[in-house]
Amino acid sequence: MADTESEITLLVDGVRRSLAVDNRVTLLDALRDRLGVTSPKKGCDHGQCGACTVLLDGRRVTTCLTFAVACDGAEVTTSAGLATDGRLHPLHQAFLDHDGFQCGYCTPGQICSAAGLLDEAGAGWPSAVTADVRTAPALDEEEIRERMSGNLCRCGAYVNIVAAISEVAAKAEPAP
Amino acid sequence: MIPFDYRRADDVDSAVATVTGNPRAAFLGGGTNLVDHMKLGIAEPELLVDVTGLPLDRVEELPDGGLRIGTNVRNSDLAAHPLVRERYPVLAQAVLAGASGQLRNLATTGGNLLQRTRCVYFQDVTTPCNKRTPGEGCAALHGYTRYHAVLGASPHCVAVHPSDLAVALTALDAVVRVRRADGERTVRASALHRLPGAHAERDTVLEHGELITAVDLPPLRFAANSRYRKARDRASYAFALVSVAAALDVADGRVRDVRLALGGVAHKPWHATLAEHAMRGGPATVDAFQAAADAELAEAEPLPDNGFKLKLARNMIVSALRGLAGEDAP
Ligand SMILES: Cc1cc2nc3c(=O)[nH]c(=O)nc-3n(C[C@H](O)[C@H](O)[C@H](O)COP(=O)(O)OP(=O)(O)OC[C@H]3O[C@@H](n4cnc5c(N)ncnc54)[C@H](O)[C@@H]3O)c2cc1C
Ligand code: SF4
Ligand code: FES
Ligand code: FES
């Protein structure tokens with residue numbers, strides 16, 4: 001194998017996948033074009049839209065600015081992989097219930113980003129709109145908007161996306 | 001993009017030796033800037049040395065009460081760290097004001113500091129740019145300059161540095177730890193980036209092959225009273241038009257100590273030393289804050305499309321300091 005190619009293994013949505021990649025291939029292109037995992041979408045290919053968002057070792061990341069070779073051994077969860085045993089993830093259901101999309105192109109990225117956001121907020125992370133960064137803020141609409149700002153929606157489904165995530169966030173909070 | 005060889009660094013010294021020995025090699029952090037540049041044809045390394053596996057991923061307390069941030073601490077973990085939030089809120093806020101949640105999960109401390117300008121002409125290889133190709137000229141000088149510098153620019157380059165993190169580190173007088181082939185050296189955060197002068201191609205004082213290993217935050221009690229403010233063209237997920245990092249220590253209505261740095265105005269994070277000097281020991285009043293801002297901005301030379309930055313910077317400095325002095329400051 002040339003120095004400019006690498007053998008890598010990824011755990012994609014629970015399935016171990018090994019492949020040889022040219023080092024130039026991004027994680028996004030490896031998933032879509034090489035492994036046929038088309039849940040993450042290519043919007044801008046420059047980190048600007050969030051359509052390619054997945055969970056990498058459990059954390060939300062863009063996949064268009066990461067080389068696949070740098071992810072050897074990592075665990076990748078896409079929006080499709082968030083469903084278990086054919087049952088939708090609560091975020092999937094909430095997006096359906098609230099009309100959180102129109103064309104759906106940005107949706108897998110929105111869902112993965114929302115899943116990451118819920119974990120981050122659960123861990124007490126502040127955001128840019130948190131008045132006092134020493135505190136762990138409640139996820140109100142302003143917090144959700146800020147934390148989802150890395151995901152653009154060309155159809156402008158934002159209002160319903162925020163409503164969908166709010167619903168899931170409220171259920172995730174411990175009962176008073 | 002040209003084909004390239006990829007290696008994972010096993011230890012700091014060999015990573016430094018490998019990149020130092022090959023002018024076409026580059027360190028790879030989270031990749032969120034370098035990979036973009038490789039796609040755009042701005043960077044063409046033939047070897048990437050991935051440093052993210054090096055054990056430089058901790059925030060540690062220093063004996064003097066400061067903090068050491070390893071270069072591989074991701075931006076999101078830095079902003080979420082309890083001691084950073086407690087002792088240096090300006091730093092947590094600055095990081096949170098940059099990029100997006102999913103980018104901050106990838107971006108590293110060193111990579112953030114060494115990210116390159118977002119000047120659109122720099123990013124467009126069809127336009128002349130001295131930063132990309134020295135001597136080629138600067139397309140921005142005859143272009144759209146809303147996002148460009150008002151302080152410290154040169155006829156060779158009017159770009160601004162885009163990092164929010166770097167602005168907070170400059171205000172805090174952090175120290176950047178650097179490993180090089182013949183040992184270690186330290187560089188003050190305020191001296192890491194350069195003004196363009198006749199060498200727009202050089203963003204920082206670092207030489208090829210020098211690796212940022214950590215950033216040290218000095219103990220600074222009054223940094224608990226600090227704030228980052230950022231004005232941009234949309235409410236979130238955009239680079240700064242102007243940003244302000246400030247820390248203020250007020251006692252009996254007087255400024256005991258103050259730290260101030262500006263982003264979005266120059267080729268480097270702008271340490272506002274004139275303003276700091278004007279305020280130290282004086283009254284903590286809006287008039288004094290205004291006078292200090294004016295002193296700092298007196299030498300500014302706005303371009304055709306960015307004169308608004310002066311008024312914006314002045315107002316943001318005053319409002320940030322006033323917020324830190326207590327909204328009832330006279
Ligand atoms: C859409 C978008 C929006 C953004 N918005 C903002 C914003 O609002 N504010 C902001 O501040 N930033 C913003 N960013 C930039 C982002 O913060 C940087 O891309 C990121 O911090 C770079 O870190 P990295 O680890 O990914 O660096 P990389 O891309 O891996 O590396 C950047 C440079 O640093 C070098 N390098 C990396 N690590 C080291 C080291 N340890 N020692 C020496 N050299 C090293 C690399 O060789 C390369 O030249 C944005 C980026 C995108 C894509
Ligand atoms: S301002 Fe600097 S970076 Fe932008 S085109 Fe001119 S030389 Fe290049
Ligand atoms: S495709 Fe990755 S952020 Fe747009
Ligand atoms: S639903 Fe069409 S882009 Fe978001």
# chains A, B, ... in the order shown; residues from 1 in each chain; ligands from 1
>>> residues_around(residues="Thr213 (chain B)", least_positions_apart="6", cutoff="8 Å", atoms="only C-alpha atoms", output="PyMOL selection string")
chain B and resi 56+70-71+110+176-179
>>> residues_near_ligand(ligand="ligand 2", cutoff="10 Å", atoms="only C-alpha atoms and all ligand atoms", output="PyMOL selection string")
chain B and resi 116-125+127-143+145+147-149+153-161+196+199-201+203+267
>>> write_last_selection(atoms="N, CA and C atoms", output="short mmCIF file (atom, residue, chain, number, x, y, z; two decimals), in the first residue's frame")
data_model
loop_
_atom_site.label_atom_id
_atom_site.label_comp_id
_atom_site.auth_asym_id
_atom_site.auth_seq_id
_atom_site.Cartn_x
_atom_site.Cartn_y
_atom_site.Cartn_z
N ARG B 116 -5.80 30.35 10.69
CA ARG B 116 -5.38 31.49 9.86
C ARG B 116 -6.56 32.40 9.54
N THR B 117 -6.25 33.54 8.99
CA THR B 117 -7.28 34.57 8.77
C THR B 117 -8.44 34.07 7.91
N ARG B 118 -9.61 34.65 8.12
CA ARG B 118 -10.77 34.32 7.29
C ARG B 118 -10.91 35.32 6.14
N CYS B 119 -9.91 36.16 5.89
CA CYS B 119 -9.96 37.09 4.75
C CYS B 119 -10.39 36.29 3.50
N VAL B 120 -11.47 36.74 2.85
CA VAL B 120 -12.00 35.94 1.73
C VAL B 120 -11.04 35.88 0.56
N TYR B 121 -10.19 36.88 0.44
CA TYR B 121 -9.24 36.88 -0.68
C TYR B 121 -8.10 35.89 -0.41
N PHE B 122 -7.76 35.73 0.85
CA PHE B 122 -6.78 34.70 1.24
C PHE B 122 -7.34 33.32 0.91
N GLN B 123 -8.63 33.14 1.13
CA GLN B 123 -9.23 31.82 0.93
C GLN B 123 -9.54 31.53 -0.54
N ASP B 124 -9.47 32.54 -1.38
CA ASP B 124 -9.80 32.37 -2.80
C ASP B 124 -8.51 32.41 -3.62
N VAL B 125 -8.06 31.24 -4.06
CA VAL B 125 -6.74 31.19 -4.71
C VAL B 125 -6.70 31.90 -6.06
N THR B 127 -7.43 35.07 -6.40
CA THR B 127 -7.15 36.49 -6.18
C THR B 127 -5.76 36.65 -5.55
N PRO B 128 -5.09 37.78 -5.83
CA PRO B 128 -3.75 37.95 -5.27
C PRO B 128 -3.77 38.13 -3.76
N CYS B 129 -2.80 37.57 -3.09
CA CYS B 129 -2.74 37.66 -1.62
C CYS B 129 -1.30 37.46 -1.17
N ASN B 130 -0.77 38.46 -0.49
CA ASN B 130 0.61 38.37 0.01
C ASN B 130 0.77 37.31 1.10
N LYS B 131 -0.30 36.99 1.77
CA LYS B 131 -0.19 35.99 2.84
C LYS B 131 -0.04 34.59 2.23
N ARG B 132 -0.71 34.35 1.11
CA ARG B 132 -0.57 33.06 0.44
C ARG B 132 0.72 33.01 -0.37
N THR B 133 0.95 34.06 -1.16
CA THR B 133 2.10 34.10 -2.06
C THR B 133 2.78 35.45 -1.91
N PRO B 134 3.85 35.51 -1.10
CA PRO B 134 4.50 36.80 -0.83
C PRO B 134 4.86 37.52 -2.13
N GLY B 135 4.56 38.82 -2.17
CA GLY B 135 4.91 39.63 -3.32
C GLY B 135 3.82 39.70 -4.37
N GLU B 136 2.75 38.94 -4.18
CA GLU B 136 1.70 38.87 -5.20
C GLU B 136 0.79 40.10 -5.17
N GLY B 137 0.75 40.80 -4.02
CA GLY B 137 -0.18 41.91 -3.86
C GLY B 137 -1.30 41.50 -2.93
N CYS B 138 -2.18 42.48 -2.62
CA CYS B 138 -3.25 42.24 -1.67
C CYS B 138 -4.59 42.64 -2.28
N ALA B 139 -5.42 41.66 -2.58
CA ALA B 139 -6.70 41.93 -3.23
C ALA B 139 -7.63 42.73 -2.33
N ALA B 140 -7.46 42.58 -1.02
CA ALA B 140 -8.38 43.26 -0.11
C ALA B 140 -8.26 44.78 -0.22
N LEU B 141 -7.06 45.28 -0.54
CA LEU B 141 -6.85 46.73 -0.58
C LEU B 141 -7.79 47.40 -1.58
N HIS B 142 -8.19 46.66 -2.62
CA HIS B 142 -9.13 47.22 -3.59
C HIS B 142 -10.45 46.46 -3.55
N GLY B 143 -10.67 45.77 -2.46
CA GLY B 143 -11.86 44.94 -2.36
C GLY B 143 -12.81 45.42 -1.27
N THR B 145 -13.85 45.62 2.43
CA THR B 145 -13.00 45.60 3.63
C THR B 145 -13.77 45.66 4.94
N TYR B 147 -14.60 43.38 6.89
CA TYR B 147 -14.11 42.46 7.90
C TYR B 147 -12.62 42.65 8.21
N HIS B 148 -12.03 43.71 7.71
CA HIS B 148 -10.58 43.84 7.83
C HIS B 148 -10.14 44.76 8.98
N ALA B 149 -8.82 45.01 9.01
CA ALA B 149 -8.21 45.63 10.19
C ALA B 149 -8.39 47.15 10.24
N ALA B 153 -2.25 47.57 10.65
CA ALA B 153 -2.14 46.93 9.33
C ALA B 153 -0.96 47.52 8.56
N SER B 154 -0.65 46.92 7.41
CA SER B 154 0.42 47.45 6.56
C SER B 154 -0.07 47.47 5.13
N PRO B 155 0.65 48.12 4.23
CA PRO B 155 0.21 48.11 2.83
C PRO B 155 0.29 46.71 2.22
N HIS B 156 0.88 45.78 2.94
CA HIS B 156 1.02 44.42 2.42
C HIS B 156 -0.15 43.52 2.82
N CYS B 157 -0.80 43.85 3.92
CA CYS B 157 -1.88 42.99 4.41
C CYS B 157 -2.74 43.74 5.43
N VAL B 158 -4.06 43.63 5.26
CA VAL B 158 -4.99 44.28 6.19
C VAL B 158 -5.92 43.26 6.85
N ALA B 159 -5.47 42.01 6.89
CA ALA B 159 -6.31 40.95 7.45
C ALA B 159 -6.36 41.03 8.97
N VAL B 160 -7.37 40.37 9.56
CA VAL B 160 -7.45 40.27 11.02
C VAL B 160 -7.31 38.81 11.43
N HIS B 161 -6.87 38.62 12.68
CA HIS B 161 -6.80 37.25 13.20
C HIS B 161 -8.17 36.86 13.73
N PRO B 196 1.51 42.48 10.36
CA PRO B 196 1.96 41.97 9.05
C PRO B 196 3.26 42.61 8.55
N HIS B 199 5.88 41.21 5.92
CA HIS B 199 5.83 39.74 5.84
C HIS B 199 4.49 39.18 6.26
N ALA B 200 3.50 39.45 5.41
CA ALA B 200 2.14 38.99 5.69
C ALA B 200 2.06 37.48 5.78
N GLU B 201 3.00 36.79 5.16
CA GLU B 201 2.94 35.32 5.15
C GLU B 201 3.19 34.74 6.54
N ASP B 203 2.15 34.58 10.22
CA ASP B 203 1.10 34.94 11.17
C ASP B 203 1.65 35.11 12.58
N HIS B 267 -4.23 42.25 12.84
CA HIS B 267 -3.58 41.02 12.39
C HIS B 267 -3.23 40.11 13.57
#
>>> interface_residues(of="chain B", to="chain A", cutoff="7 Å", atoms="only C-alpha atoms", output="JSON, numbers by chain")
{"B": [3, 4, 5, 6, 31, 32, 35, 36, 80, 85, 86, 89, 93, 96, 97, 100, 101, 102, 103, 105, 106, 236, 237]}
>>> select_by_dssp(residues="chain A", states="strand (DSSP E)", output="list in words")
Glu5, Ser6, Glu7, Ile8, Thr9, Leu10, Leu11, Val12, Val15, Arg16, Arg17, Ser18, Leu19, Ala20, Val21, Asp22, Val54, Leu55, Leu56, Arg59, Arg60, Val61, Glu75, Val76 and Thr77 of chain A
>>> select_by_dssp(residues="region 116-261 of chain B", states="alpha helix (DSSP H)", output="VMD selection string")
chain B and resid 120 to 123 164 to 171 189 to 192
>>> atom_distance(atom1="CA of Ala115 (chain A)", atom2="CA of Thr77 (chain A)")
10.6 Å
>>> residues_near_ligand(ligand="ligand 4", cutoff="12 Å", atoms="only C-alpha atoms and all ligand atoms", output="PyMOL selection string")
chain A and resi 41-44+49-51+95-96+99-111+151-161
>>> closest_residue(among="A:Ala30, A:Cys52, A:Val12, A:Val168", to="ligand 3", atoms="only C-alpha atoms and all ligand atoms")
A:Cys52
>>> closest_residue(among="B:Pro302, B:Gly53, B:Pro23, B:Gly29", to="ligand 1", atoms="only C-alpha atoms and all ligand atoms")
B:Gly29
>>> atom_distance(atom1="CA of Asn72 (chain B)", atom2="CA of Ala245 (chain B)")
23.3 Å
>>> residues_around(residues="Thr285 (chain B)", least_positions_apart="4", cutoff="10 Å", atoms="only C-alpha atoms", output="list in words")
Gly253, Arg254, Val255, Met279, Phe289, Gln290, Ala291, Val318, Leu321, Arg322, Ala325, Asp328, Ala329 and Pro330 of chain B
